[in-house]
file run_2.cif (mmCIF, C-alpha atoms)
data_final
loop_
_atom_site.label_atom_id
_atom_site.label_comp_id
_atom_site.auth_asym_id
_atom_site.auth_seq_id
_atom_site.Cartn_x
_atom_site.Cartn_y
_atom_site.Cartn_z
CA MET A 1 6.87 -19.29 -32.27
CA ASN A 2 9.21 -21.90 -33.70
CA ASP A 3 12.38 -23.11 -32.02
CA SER A 4 14.76 -22.89 -34.96
CA ALA A 5 17.42 -20.21 -35.07
CA SER A 6 17.73 -20.40 -38.87
CA ALA A 7 14.50 -18.86 -40.12
CA PRO A 8 12.79 -16.15 -38.05
CA ALA A 9 9.30 -15.17 -39.12
CA PRO A 10 9.16 -11.91 -41.11
CA TRP A 11 7.16 -10.24 -38.31
CA ALA A 12 9.66 -11.19 -35.58
CA THR A 13 11.45 -8.35 -33.81
CA ALA A 14 12.73 -10.35 -30.83
CA SER A 15 14.01 -13.78 -29.87
CA LEU A 16 13.98 -15.92 -26.75
CA VAL A 17 17.06 -18.12 -26.49
CA LEU A 18 17.26 -21.00 -24.00
CA ALA A 19 20.25 -22.78 -22.53
CA ASP A 20 19.11 -26.04 -24.15
CA GLY A 21 19.70 -24.46 -27.57
CA SER A 22 16.08 -23.63 -28.40
CA VAL A 23 15.23 -20.31 -30.03
CA PHE A 24 11.71 -18.86 -30.06
CA TRP A 25 10.78 -15.90 -32.25
CA GLY A 26 8.33 -13.20 -31.22
CA ARG A 27 7.56 -9.50 -31.07
CA GLY A 28 9.65 -7.29 -28.80
CA ILE A 29 7.99 -5.24 -26.07
CA GLY A 30 9.39 -2.68 -23.68
CA ALA A 31 12.99 -1.58 -23.95
CA THR A 32 15.36 -2.74 -26.67
CA GLY A 33 18.58 -4.64 -26.04
CA ARG A 34 19.50 -8.03 -24.63
CA THR A 35 18.83 -9.44 -21.17
CA LEU A 36 19.35 -12.80 -19.56
CA GLY A 37 18.35 -14.62 -16.40
CA GLU A 38 16.72 -17.75 -15.04
CA ILE A 39 13.38 -18.28 -16.79
CA CYS A 40 10.39 -19.14 -14.60
CA PHE A 41 6.61 -18.96 -14.84
CA ASN A 42 3.90 -17.29 -12.77
CA THR A 43 0.30 -18.53 -12.85
CA ALA A 44 -1.43 -15.47 -11.32
CA ILE A 45 -4.15 -13.87 -13.42
CA THR A 46 -3.87 -10.46 -11.74
CA GLY A 47 -1.15 -8.15 -10.50
CA TYR A 48 1.40 -8.17 -13.33
CA GLN A 49 2.78 -4.80 -12.26
CA GLU A 50 3.19 -5.95 -8.66
CA ILE A 51 4.90 -9.14 -9.89
CA LEU A 52 7.30 -7.23 -12.14
CA THR A 53 8.33 -4.96 -9.25
CA ASP A 54 8.73 -7.69 -6.62
CA PRO A 55 12.47 -7.63 -5.74
CA SER A 56 12.34 -11.39 -5.19
CA TYR A 57 12.39 -11.75 -9.00
CA ALA A 58 15.90 -10.30 -9.33
CA GLY A 59 17.90 -12.42 -11.77
CA GLN A 60 14.81 -13.95 -13.37
CA ILE A 61 12.75 -13.72 -16.55
CA ILE A 62 9.02 -14.22 -15.92
CA THR A 63 6.75 -16.18 -18.22
CA PHE A 64 3.16 -15.09 -17.60
CA THR A 65 0.67 -17.92 -18.13
CA PHE A 66 -2.28 -15.47 -18.18
CA PRO A 67 -2.61 -14.20 -21.77
CA HIS A 68 -4.17 -10.76 -21.23
CA VAL A 69 -1.32 -8.83 -19.62
CA GLY A 70 -1.69 -5.05 -19.80
CA ASN A 71 -5.46 -4.86 -19.46
CA VAL A 72 -5.38 -2.58 -16.40
CA GLY A 73 -2.51 -0.47 -17.71
CA ALA A 74 0.12 0.82 -15.30
CA ASN A 75 0.10 3.26 -12.40
CA GLY A 76 2.24 4.41 -9.52
CA PHE A 77 0.20 2.69 -6.81
CA ASP A 78 0.59 -0.95 -7.86
CA ILE A 79 4.34 -1.26 -7.46
CA GLU A 80 6.26 -3.21 -4.84
CA SER A 81 9.61 -1.43 -5.31
CA ASP A 82 10.64 1.79 -7.02
CA VAL A 83 12.98 0.02 -9.45
CA ALA A 84 12.06 -3.29 -11.06
CA ALA A 85 14.68 -5.98 -10.37
CA VAL A 86 13.25 -8.61 -12.74
CA ARG A 87 15.36 -9.27 -15.86
CA GLY A 88 12.54 -9.55 -18.41
CA LEU A 89 9.11 -10.94 -19.30
CA VAL A 90 7.54 -13.38 -21.75
CA LEU A 91 3.92 -13.03 -22.94
CA ARG A 92 1.54 -15.09 -25.09
CA ALA A 93 -0.29 -12.17 -26.70
CA ASP A 94 0.66 -8.61 -27.49
CA ILE A 95 0.14 -6.23 -24.57
CA THR A 96 -3.59 -5.68 -24.07
CA GLN A 97 -4.88 -2.12 -24.34
CA PRO A 98 -5.61 -0.68 -20.87
CA SER A 99 -9.23 -0.51 -19.77
CA ASN A 100 -9.27 0.56 -16.14
CA PHE A 101 -10.03 3.84 -14.39
CA ARG A 102 -6.77 3.63 -12.43
CA ALA A 103 -4.57 3.34 -15.53
CA VAL A 104 -2.07 6.17 -15.94
CA SER A 105 -0.08 4.76 -18.86
CA HIS A 106 0.15 1.86 -21.26
CA LEU A 107 2.14 -1.08 -19.90
CA ASP A 108 4.61 -0.90 -22.79
CA LYS A 109 5.42 2.72 -21.92
CA TRP A 110 5.94 1.72 -18.29
CA LEU A 111 8.23 -1.17 -19.31
CA LYS A 112 10.38 1.27 -21.28
CA SER A 113 10.54 3.60 -18.27
CA GLN A 114 11.83 0.67 -16.18
CA ASN A 115 14.24 -0.45 -18.93
CA LEU A 116 12.54 -3.85 -18.97
CA ILE A 117 12.93 -6.03 -22.07
CA GLY A 118 10.21 -8.46 -23.05
CA ILE A 119 8.88 -10.64 -25.82
CA ALA A 120 5.30 -11.41 -26.91
CA GLY A 121 3.94 -14.02 -29.29
CA ILE A 122 5.44 -16.97 -27.42
CA ASP A 123 3.55 -20.21 -26.77
CA THR A 124 3.60 -19.76 -22.99
CA ARG A 125 1.78 -23.05 -22.40
CA ARG A 126 4.63 -24.86 -24.11
CA MET A 127 7.19 -22.78 -22.21
CA THR A 128 5.50 -23.57 -18.90
CA ARG A 129 5.46 -27.30 -19.65
CA LEU A 130 9.13 -27.14 -20.59
CA ILE A 131 10.06 -25.49 -17.28
CA ARG A 132 7.75 -27.77 -15.31
CA ASP A 133 9.10 -30.95 -16.87
CA HIS A 134 12.79 -30.11 -17.16
CA GLY A 135 13.36 -27.49 -14.45
CA PHE A 136 14.92 -24.06 -14.49
CA GLN A 137 17.35 -22.97 -17.17
CA THR A 138 19.03 -19.75 -18.23
CA ALA A 139 17.42 -17.76 -21.02
CA ALA A 140 18.06 -14.56 -22.95
CA ILE A 141 15.69 -12.14 -24.67
CA CYS A 142 16.96 -10.13 -27.63
CA HIS A 143 14.80 -7.18 -28.74
CA GLY A 144 15.98 -5.07 -31.65
CA GLU A 145 19.41 -6.21 -32.70
CA ILE A 146 19.24 -10.00 -32.52
CA ASP A 147 22.50 -11.90 -32.10
CA ILE A 148 21.74 -15.52 -31.28
CA GLU A 149 25.35 -16.60 -30.88
CA ALA A 150 26.17 -13.71 -28.55
CA ALA A 151 23.11 -14.60 -26.47
CA ARG A 152 24.20 -18.22 -26.28
CA ALA A 153 27.69 -17.19 -25.19
CA GLU A 154 26.25 -15.03 -22.38
CA ILE A 155 23.96 -17.86 -21.32
CA ALA A 156 26.88 -20.29 -21.15
CA ALA A 157 28.89 -17.84 -19.03
CA TRP A 158 26.11 -17.00 -16.54
CA PRO A 159 26.51 -19.05 -13.34
CA GLY A 160 22.81 -19.31 -12.44
CA LEU A 161 21.01 -18.44 -9.20
CA GLU A 162 22.29 -21.33 -7.11
CA GLY A 163 25.05 -19.87 -4.94
CA MET A 164 24.21 -16.30 -6.01
CA ASP A 165 23.69 -13.59 -3.39
CA LEU A 166 21.21 -11.04 -4.77
CA ALA A 167 19.85 -9.61 -1.51
CA LYS A 168 22.69 -7.09 -1.38
CA ASP A 169 21.72 -5.87 -4.87
CA VAL A 170 18.12 -5.01 -3.98
CA THR A 171 18.35 -3.91 -0.34
CA CYS A 172 18.11 -0.30 0.78
CA ARG A 173 21.40 1.55 1.22
CA GLN A 174 20.48 3.22 4.50
CA SER A 175 17.83 2.90 7.19
CA PHE A 176 14.46 4.63 6.87
CA THR A 177 11.10 4.71 8.63
CA TRP A 178 7.78 3.64 7.13
CA ASP A 179 4.25 4.64 8.14
CA GLU A 180 2.16 4.10 4.98
CA SER A 181 -0.66 1.70 5.76
CA LEU A 182 -3.18 -0.36 3.79
CA TRP A 183 -5.32 0.83 0.88
CA LEU A 184 -8.48 2.74 1.77
CA PRO A 185 -11.26 2.69 -0.85
CA HIS A 186 -11.46 6.00 -2.76
CA SER A 187 -8.75 7.47 -0.51
CA GLY A 188 -5.48 5.77 -1.42
CA TYR A 189 -3.07 4.36 1.12
CA GLY A 190 -3.60 5.15 4.78
CA LYS A 191 -1.07 6.29 7.37
CA GLN A 192 -0.21 4.74 10.73
CA GLU A 193 -0.31 7.64 13.21
CA ALA A 194 -0.68 5.74 16.51
CA PRO A 195 1.66 2.73 16.42
CA ARG A 196 1.73 0.33 19.36
CA HIS A 197 4.80 -1.73 18.46
CA ARG A 198 8.32 -0.92 17.29
CA VAL A 199 9.50 -3.24 14.54
CA VAL A 200 12.82 -3.41 12.73
CA ALA A 201 12.38 -4.88 9.26
CA ILE A 202 15.57 -6.22 7.68
CA ASP A 203 15.40 -5.51 3.97
CA TYR A 204 16.57 -8.41 1.82
CA GLY A 205 14.27 -7.22 -0.99
CA ILE A 206 11.18 -6.18 0.91
CA LYS A 207 7.84 -5.52 -0.80
CA LYS A 208 5.98 -2.31 -0.04
CA ASN A 209 2.80 -4.22 0.74
CA ILE A 210 4.58 -6.11 3.51
CA LEU A 211 5.52 -2.78 5.05
CA ARG A 212 1.93 -1.58 4.66
CA ASN A 213 0.62 -4.67 6.43
CA LEU A 214 3.06 -4.20 9.28
CA ALA A 215 2.01 -0.56 9.61
CA GLY A 216 -1.64 -1.57 9.33
CA ALA A 217 -1.15 -4.02 12.20
CA GLY A 218 -0.07 -1.18 14.46
CA CYS A 219 3.69 -1.15 13.92
CA GLN A 220 6.16 1.68 13.78
CA VAL A 221 8.53 0.28 11.17
CA THR A 222 12.22 1.00 10.78
CA VAL A 223 13.77 -0.61 7.71
CA VAL A 224 17.48 -1.47 7.80
CA PRO A 225 19.82 -2.80 5.09
CA ALA A 226 20.46 -6.52 4.60
CA ASP A 227 23.96 -6.26 6.06
CA ALA A 228 22.94 -4.39 9.22
CA SER A 229 24.73 -5.63 12.35
CA VAL A 230 23.03 -6.81 15.53
CA GLU A 231 24.13 -3.60 17.21
CA GLN A 232 22.64 -1.45 14.45
CA ILE A 233 19.35 -3.34 14.66
CA MET A 234 19.04 -3.35 18.44
CA ARG A 235 19.89 0.35 18.58
CA HIS A 236 16.28 0.98 17.50
CA GLN A 237 14.97 -0.85 20.59
CA PRO A 238 12.55 -3.04 18.64
CA ASP A 239 9.68 -4.95 20.18
CA GLY A 240 9.99 -7.37 17.27
CA ILE A 241 12.17 -8.14 14.25
CA PHE A 242 10.92 -8.88 10.74
CA LEU A 243 12.93 -10.81 8.13
CA SER A 244 11.82 -9.89 4.63
CA ASN A 245 11.44 -11.67 1.33
CA GLY A 246 14.16 -11.35 -1.30
CA PRO A 247 15.96 -12.94 -4.24
CA GLY A 248 18.82 -15.37 -4.71
CA ASP A 249 20.20 -18.35 -2.83
CA PRO A 250 19.63 -18.11 0.94
CA ALA A 251 22.82 -20.08 1.61
CA ALA A 252 24.80 -17.33 -0.14
CA THR A 253 23.97 -14.93 2.72
CA GLY A 254 25.79 -17.14 5.20
CA THR A 255 28.66 -14.70 5.64
CA TYR A 256 26.56 -11.78 6.88
CA ALA A 257 22.78 -12.27 7.24
CA VAL A 258 22.48 -15.77 8.71
CA PRO A 259 24.93 -15.14 11.61
CA VAL A 260 23.08 -11.93 12.49
CA ILE A 261 19.73 -13.74 12.49
CA ARG A 262 21.19 -16.48 14.71
CA GLU A 263 22.27 -13.88 17.26
CA LEU A 264 18.93 -12.06 17.04
CA VAL A 265 17.11 -15.30 17.82
CA GLU A 266 19.13 -15.57 21.01
CA SER A 267 17.89 -12.12 22.05
CA GLY A 268 14.43 -13.61 22.66
CA LYS A 269 12.69 -10.90 20.63
CA PRO A 270 9.62 -11.99 18.61
CA MET A 271 10.65 -12.66 15.01
CA PHE A 272 8.63 -13.16 11.83
CA GLY A 273 10.10 -14.13 8.46
CA ILE A 274 8.64 -14.36 4.97
CA CYS A 275 10.08 -16.24 1.96
CA LEU A 276 13.85 -15.56 1.86
CA GLY A 277 13.58 -14.45 5.49
CA HIS A 278 11.98 -17.81 6.27
CA GLN A 279 14.76 -19.66 4.47
CA MET A 280 17.54 -17.73 6.22
CA LEU A 281 15.85 -18.23 9.58
CA GLY A 282 15.83 -21.95 8.85
CA LEU A 283 19.55 -21.83 8.11
CA ALA A 284 20.21 -19.82 11.28
CA LEU A 285 18.38 -22.46 13.32
CA GLY A 286 20.43 -25.29 11.82
CA ALA A 287 18.25 -26.50 8.94
CA LYS A 288 19.25 -26.77 5.27
CA THR A 289 17.85 -25.21 2.11
CA ILE A 290 17.59 -26.79 -1.33
CA LYS A 291 16.87 -25.47 -4.82
CA MET A 292 13.58 -26.63 -6.28
CA LYS A 293 13.12 -28.05 -9.77
CA ASN A 294 10.71 -25.35 -10.94
CA GLY A 295 9.61 -23.46 -7.83
CA HIS A 296 6.24 -22.07 -6.76
CA ARG A 297 5.02 -18.84 -8.36
CA GLY A 298 1.40 -17.81 -8.47
CA ALA A 299 -1.56 -16.58 -6.45
CA ASN A 300 -3.56 -19.78 -5.95
CA HIS A 301 -1.28 -22.17 -4.03
CA PRO A 302 -3.01 -24.23 -1.31
CA ILE A 303 -1.24 -24.42 2.04
CA LYS A 304 -2.33 -26.52 5.02
CA ASN A 305 -1.98 -24.99 8.45
CA LEU A 306 -0.87 -27.97 10.56
CA GLU A 307 -1.93 -26.28 13.80
CA THR A 308 -5.53 -25.52 12.78
CA GLY A 309 -6.08 -28.06 10.01
CA LEU A 310 -7.37 -25.26 7.77
CA VAL A 311 -6.34 -24.72 4.17
CA GLU A 312 -5.16 -21.29 3.02
CA ILE A 313 -4.98 -20.19 -0.62
CA THR A 314 -1.74 -18.24 -0.88
CA SER A 315 0.48 -16.13 -3.09
CA GLN A 316 3.93 -17.62 -3.64
CA ASN A 317 7.21 -16.77 -5.31
CA HIS A 318 10.22 -18.93 -4.47
CA GLY A 319 12.72 -21.28 -6.07
CA PHE A 320 14.43 -22.46 -2.87
CA VAL A 321 12.88 -24.21 0.12
CA VAL A 322 13.83 -25.25 3.65
CA ASP A 323 14.34 -29.01 3.81
CA ALA A 324 11.72 -30.28 6.26
CA ASP A 325 13.81 -33.34 7.10
CA SER A 326 16.63 -31.09 8.33
CA LEU A 327 14.66 -29.19 11.00
CA PRO A 328 16.54 -29.44 14.31
CA ALA A 329 15.09 -30.20 17.73
CA GLY A 330 13.02 -27.31 19.03
CA VAL A 331 11.85 -26.29 15.55
CA VAL A 332 8.59 -27.68 14.11
CA ALA A 333 6.71 -27.43 10.84
CA THR A 334 3.56 -25.29 10.95
CA HIS A 335 2.47 -25.23 7.30
CA VAL A 336 2.97 -27.49 4.26
CA SER A 337 2.26 -27.11 0.55
CA LEU A 338 -0.64 -29.20 -0.68
CA PHE A 339 0.88 -29.15 -4.17
CA ASP A 340 4.04 -31.08 -3.34
CA GLY A 341 4.30 -31.42 0.44
CA THR A 342 7.22 -29.03 0.78
CA LEU A 343 7.69 -27.09 4.01
CA ALA A 344 5.74 -23.83 4.02
CA GLY A 345 6.14 -22.64 7.61
CA LEU A 346 8.06 -23.26 10.82
CA LYS A 347 8.30 -22.05 14.40
CA MET A 348 10.49 -22.47 17.45
CA THR A 349 8.87 -24.27 20.36
CA ASP A 350 10.57 -22.22 23.09
CA LYS A 351 10.74 -18.72 21.55
CA PRO A 352 8.24 -16.42 19.75
CA VAL A 353 9.97 -17.00 16.41
CA PHE A 354 8.11 -18.16 13.28
CA SER A 355 8.19 -17.85 9.51
CA VAL A 356 6.38 -18.85 6.33
CA GLN A 357 7.56 -19.63 2.83
CA TYR A 358 4.64 -17.90 1.11
CA HIS A 359 3.42 -14.28 0.97
CA PRO A 360 0.63 -13.43 3.43
CA GLU A 361 0.65 -9.82 2.22
CA ALA A 362 -0.45 -11.12 -1.22
CA SER A 363 -0.29 -8.24 -3.74
CA PRO A 364 -1.36 -9.93 -5.87
CA GLY A 365 -3.34 -12.76 -4.39
CA PRO A 366 -5.86 -13.82 -1.73
CA GLN A 367 -5.72 -12.55 1.83
CA ASP A 368 -6.30 -15.83 3.67
CA SER A 369 -3.02 -15.50 5.57
CA THR A 370 -2.96 -11.89 6.75
CA TYR A 371 -3.63 -13.21 10.28
CA LEU A 372 0.13 -13.83 10.49
CA PHE A 373 0.75 -10.12 10.91
CA ARG A 374 -1.65 -10.11 13.88
CA GLN A 375 0.11 -13.20 15.21
CA PHE A 376 3.35 -11.22 15.11
CA THR A 377 1.93 -8.22 16.95
CA THR A 378 0.33 -10.51 19.54
CA ALA A 379 3.74 -12.01 20.18
CA MET A 380 5.04 -8.50 20.80
CA GLY A 381 2.34 -7.94 23.42
CA GLY A 382 -1.27 -7.01 22.85
CA ALA A 383 -3.76 -7.52 20.04
CA SER A 384 -3.62 -5.35 16.95
#
call {"tool": "encode", "arguments": {"input": "run_2.cif", "output": "structure tokens"}}
result
Amino acid sequence: MNDSASAPAPWATASLVLADGSVFWGRGIGATGRTLGEICFNTAITGYQEILTDPSYAGQIITFTFPHVGNVGANGFDIESDVAAVRGLVLRADITQPSNFRAVSHLDKWLKSQNLIGIAGIDTRRMTRLIRDHGFQTAAICHGEIDIEAARAEIAAWPGLEGMDLAKDVTCRQSFTWDESLWLPHSGYGKQEAPRHRVVAIDYGIKKNILRNLAGAGCQVTVVPADASVEQIMRHQPDGIFLSNGPGDPAATGTYAVPVIRELVESGKPMFGICLGHQMLGLALGAKTIKMKNGHRGANHPIKNLETGLVEITSQNHGFVVDADSLPAGVVATHVSLFDGTLAGLKMTDKPVFSVQYHPEASPGPQDSTYLFRQFTTAMGGAS
């Protein structure tokens, strides 16, 4: 767990190299090889498999602050995308042996199946403080053959997430329909067989649990790729349009996604955006986005609803934010973070268009904010 490249411990099988020159030694987990990305931390104590399969983590290496990762094993139900987009993971302790009736395999076996490279034995409290105090930086994990200088060269050459468009990397390649609904105890996921609303969800890196919540709220969901045109979207005759979460810099989508959203707003259709969708909606309405120092990632972030005065405990995962001071006339703030006061939600005053920076679908996390899906269906006409 030292930060000297000269003398790895005899038990070390992996290294974590940072852009500031630091090297941490540990034990490799998952696949072997070398990976790099922007290192961040997540404070959730549950849902490591959901976190690792959230497409919003594309281009990033996750430091888990909770030490017992692996305790519920891995299964095919708790995934948010079929292919993990995250670049790697950093753990304090070795992977915990699974002890859960839903476990199908050991987490390490699942990591190998996803070609995910990780490192254990790292002082994650120290790593979290480093990121918190000094902000994001590029990092590389080497597992197996360790070449510190090669890792440093790759780090120096990597441009970072600011200005990087990753939505096109994780979006679907063609449209599809979705009817799987929310989890039913002892039965698995349900199925929406009597939808009342037609929704087009634009996939910038959408999570499966968002789709399940939309279906559970009474929606027939058609998912379209991130670069779908207005004509391709409206061809489905939607009652409402959903803008999904996703990775990368929202400003980097300005050549294809933001102009489409701007035109969709003019259609007058109800619109609901989450995370990256919220940020791109802000851009389409004339606001600006900025990169945060260390972002918000966890399942216990307090948000104040400015319309009700109530506090919601939310799940969050973002490194960019809409600048509240840049909101144009006709657009108002609806939610703010109680951690740092950053904008967490907005709406138009003359159209049924709204969005939030956090994740009301949770997975993992509390379900204080699932009312937003009902708010969306109400805007489309009728309670869900």
call {"tool": "closest_residue", "arguments": {"input": "run_2.cif", "among": "A:Thr314, A:Ala299, A:Met348, A:Gln220", "to": "Thr377 of chain A", "atoms": "only C-alpha atoms"}}
result
A:Gln220
call {"tool": "atom_distance", "arguments": {"input": "run_2.cif", "atom1": "atom CA of Ile141 of chain A", "atom2": "atom CA of Ser56 of chain A"}}
result
19.8 Å
call {"tool": "closest_residue", "arguments": {"input": "run_2.cif", "among": "A:Leu372, A:Leu107, A:Ala252, A:Ile39", "to": "Asn75 of chain A", "atoms": "all atoms listed in the file"}}
result
A:Leu107
call {"tool": "closest_residue", "arguments": {"input": "run_2.cif", "among": "A:Gly76, A:Glu154, A:Ile122, A:Val230", "to": "Ser105 of chain A", "atoms": "all atoms listed in the file"}}
result
A:Gly76
call {"tool": "resolve_selection", "arguments": {"input": "run_2.cif", "expression": "the PyMOL selection byres ((chain A and resi 181) around 8)", "output": "PDB file with C-alpha atoms, in the frame of the given file"}}
result
ATOM      1  CA  ASP A 179       4.250   4.640   8.140  1.00  0.00           C
ATOM      2  CA  GLU A 180       2.160   4.100   4.980  1.00  0.00           C
ATOM      3  CA  LEU A 182      -3.180  -0.360   3.790  1.00  0.00           C
ATOM      4  CA  TRP A 183      -5.320   0.830   0.880  1.00  0.00           C
ATOM      5  CA  TYR A 189      -3.070   4.360   1.120  1.00  0.00           C
ATOM      6  CA  GLY A 190      -3.600   5.150   4.780  1.00  0.00           C
ATOM      7  CA  LYS A 191      -1.070   6.290   7.370  1.00  0.00           C
ATOM      8  CA  GLN A 192      -0.210   4.740  10.730  1.00  0.00           C
ATOM      9  CA  LEU A 211       5.520  -2.780   5.050  1.00  0.00           C
ATOM     10  CA  ARG A 212       1.930  -1.580   4.660  1.00  0.00           C
ATOM     11  CA  ASN A 213       0.620  -4.670   6.430  1.00  0.00           C
ATOM     12  CA  LEU A 214       3.060  -4.200   9.280  1.00  0.00           C
ATOM     13  CA  ALA A 215       2.010  -0.560   9.610  1.00  0.00           C
ATOM     14  CA  GLY A 216      -1.640  -1.570   9.330  1.00  0.00           C
TER      15      GLY A 216
END
call {"tool": "resolve_selection", "arguments": {"input": "run_2.cif", "expression": "the PyMOL selection byres ((chain A and resi 219) around 6)", "output": "PyMOL selection string"}}
result
chain A and resi 195-198+214-215+217-218+220-221
call {"tool": "atom_distance", "arguments": {"input": "run_2.cif", "atom1": "atom CA of Asp94 of chain A", "atom2": "atom CA of Ser22 of chain A"}}
result
21.5 Å
call {"tool": "resolve_selection", "arguments": {"input": "run_2.cif", "expression": "the PyMOL selection byres ((chain A and resi 357-361) around 6)", "output": "list in words"}}
result
Ile210, Ile274, Cys275, His278, Ser315, Gln316, Ala344, Gly345, Val356, Ala362, Ser369 and Thr370 of chain A
call {"tool": "atom_distance", "arguments": {"input": "run_2.cif", "atom1": "atom CA of Thr349 of chain A", "atom2": "atom CA of Val260 of chain A"}}
result
20.4 Å
call {"tool": "residues_around", "arguments": {"input": "run_2.cif", "residues": "Asn294 of chain A", "least_positions_apart": "2", "cutoff": "9 Å", "atoms": "all atoms listed in the file", "output": "PyMOL selection string"}}
result
chain A and resi 40-41+131-136+291-292+296+319
call {"tool": "write_last_selection", "arguments": {"input": "run_2.cif", "atoms": "C-alpha atoms", "output": "tab-separated table (two decimals), in the coordinates of the input"}}
result
chain	number	residue	atom	x	y	z
A	40	CYS	CA	10.39	-19.14	-14.60
A	41	PHE	CA	6.61	-18.96	-14.84
A	131	ILE	CA	10.06	-25.49	-17.28
A	132	ARG	CA	7.75	-27.77	-15.31
A	133	ASP	CA	9.10	-30.95	-16.87
A	134	HIS	CA	12.79	-30.11	-17.16
A	135	GLY	CA	13.36	-27.49	-14.45
A	136	PHE	CA	14.92	-24.06	-14.49
A	291	LYS	CA	16.87	-25.47	-4.82
A	292	MET	CA	13.58	-26.63	-6.28
A	296	HIS	CA	6.24	-22.07	-6.76
A	319	GLY	CA	12.72	-21.28	-6.07
call {"tool": "closest_residue", "arguments": {"input": "run_2.cif", "among": "A:Ile79, A:Ala58, A:Ile233, A:Leu18", "to": "Ser363 of chain A", "atoms": "all atoms listed in the file"}}
result
A:Ile79
call {"tool": "closest_residue", "arguments": {"input": "run_2.cif", "among": "A:Leu283, A:Ser99, A:Lys304, A:Thr378", "to": "Val331 of chain A", "atoms": "only C-alpha atoms"}}
result
A:Leu283
call {"tool": "residues_around", "arguments": {"input": "run_2.cif", "residues": "Gly240 of chain A", "least_positions_apart": "3", "cutoff": "12 Å", "atoms": "only C-alpha atoms", "output": "PDB file with C-alpha atoms, in the frame of the given file"}}
result
ATOM      1  CA  ARG A 196       1.730   0.330  19.360  1.00  0.00           C
ATOM      2  CA  HIS A 197       4.800  -1.730  18.460  1.00  0.00           C
ATOM      3  CA  ARG A 198       8.320  -0.920  17.290  1.00  0.00           C
ATOM      4  CA  VAL A 199       9.500  -3.240  14.540  1.00  0.00           C
ATOM      5  CA  VAL A 200      12.820  -3.410  12.730  1.00  0.00           C
ATOM      6  CA  ALA A 201      12.380  -4.880   9.260  1.00  0.00           C
ATOM      7  CA  ILE A 202      15.570  -6.220   7.680  1.00  0.00           C
ATOM      8  CA  LEU A 214       3.060  -4.200   9.280  1.00  0.00           C
ATOM      9  CA  CYS A 219       3.690  -1.150  13.920  1.00  0.00           C
ATOM     10  CA  GLN A 220       6.160   1.680  13.780  1.00  0.00           C
ATOM     11  CA  VAL A 221       8.530   0.280  11.170  1.00  0.00           C
ATOM     12  CA  THR A 222      12.220   1.000  10.780  1.00  0.00           C
ATOM     13  CA  ILE A 233      19.350  -3.340  14.660  1.00  0.00           C
ATOM     14  CA  MET A 234      19.040  -3.350  18.440  1.00  0.00           C
ATOM     15  CA  HIS A 236      16.280   0.980  17.500  1.00  0.00           C
ATOM     16  CA  GLN A 237      14.970  -0.850  20.590  1.00  0.00           C
ATOM     17  CA  LEU A 243      12.930 -10.810   8.130  1.00  0.00           C
ATOM     18  CA  LEU A 264      18.930 -12.060  17.040  1.00  0.00           C
ATOM     19  CA  VAL A 265      17.110 -15.300  17.820  1.00  0.00           C
ATOM     20  CA  SER A 267      17.890 -12.120  22.050  1.00  0.00           C
ATOM     21  CA  GLY A 268      14.430 -13.610  22.660  1.00  0.00           C
ATOM     22  CA  LYS A 269      12.690 -10.900  20.630  1.00  0.00           C
ATOM     23  CA  PRO A 270       9.620 -11.990  18.610  1.00  0.00           C
ATOM     24  CA  MET A 271      10.650 -12.660  15.010  1.00  0.00           C
ATOM     25  CA  PHE A 272       8.630 -13.160  11.830  1.00  0.00           C
ATOM     26  CA  GLY A 273      10.100 -14.130   8.460  1.00  0.00           C
ATOM     27  CA  PRO A 352       8.240 -16.420  19.750  1.00  0.00           C
ATOM     28  CA  VAL A 353       9.970 -17.000  16.410  1.00  0.00           C
ATOM     29  CA  PHE A 354       8.110 -18.160  13.280  1.00  0.00           C
ATOM     30  CA  PHE A 373       0.750 -10.120  10.910  1.00  0.00           C
ATOM     31  CA  GLN A 375       0.110 -13.200  15.210  1.00  0.00           C
ATOM     32  CA  PHE A 376       3.350 -11.220  15.110  1.00  0.00           C
ATOM     33  CA  THR A 377       1.930  -8.220  16.950  1.00  0.00           C
ATOM     34  CA  THR A 378       0.330 -10.510  19.540  1.00  0.00           C
ATOM     35  CA  ALA A 379       3.740 -12.010  20.180  1.00  0.00           C
ATOM     36  CA  MET A 380       5.040  -8.500  20.800  1.00  0.00           C
ATOM     37  CA  GLY A 381       2.340  -7.940  23.420  1.00  0.00           C
TER      38      GLY A 381
END
call {"tool": "closest_residue", "arguments": {"input": "run_2.cif", "among": "A:Arg374, A:Lys347, A:Lys109, A:Arg125", "to": "Leu327 of chain A", "atoms": "all atoms listed in the file"}}
result
A:Lys347
call {"tool": "residues_near_point", "arguments": {"input": "run_2.cif", "point": "(26.9, -14.9, 1.3)", "cutoff": "12 Å", "atoms": "all atoms listed in the file", "output": "CSV table (one decimal) with C-alpha atoms, in the frame of the given file"}}
result
chain,number,residue,atom,x,y,z
A,162,GLU,CA,22.3,-21.3,-7.1
A,163,GLY,CA,25.0,-19.9,-4.9
A,164,MET,CA,24.2,-16.3,-6.0
A,165,ASP,CA,23.7,-13.6,-3.4
A,166,LEU,CA,21.2,-11.0,-4.8
A,167,ALA,CA,19.8,-9.6,-1.5
A,168,LYS,CA,22.7,-7.1,-1.4
A,226,ALA,CA,20.5,-6.5,4.6
A,227,ASP,CA,24.0,-6.3,6.1
A,248,GLY,CA,18.8,-15.4,-4.7
A,249,ASP,CA,20.2,-18.4,-2.8
A,250,PRO,CA,19.6,-18.1,0.9
A,251,ALA,CA,22.8,-20.1,1.6
A,252,ALA,CA,24.8,-17.3,-0.1
A,253,THR,CA,24.0,-14.9,2.7
A,254,GLY,CA,25.8,-17.1,5.2
A,255,THR,CA,28.7,-14.7,5.6
A,256,TYR,CA,26.6,-11.8,6.9
A,257,ALA,CA,22.8,-12.3,7.2
A,258,VAL,CA,22.5,-15.8,8.7
A,259,PRO,CA,24.9,-15.1,11.6
A,280,MET,CA,17.5,-17.7,6.2
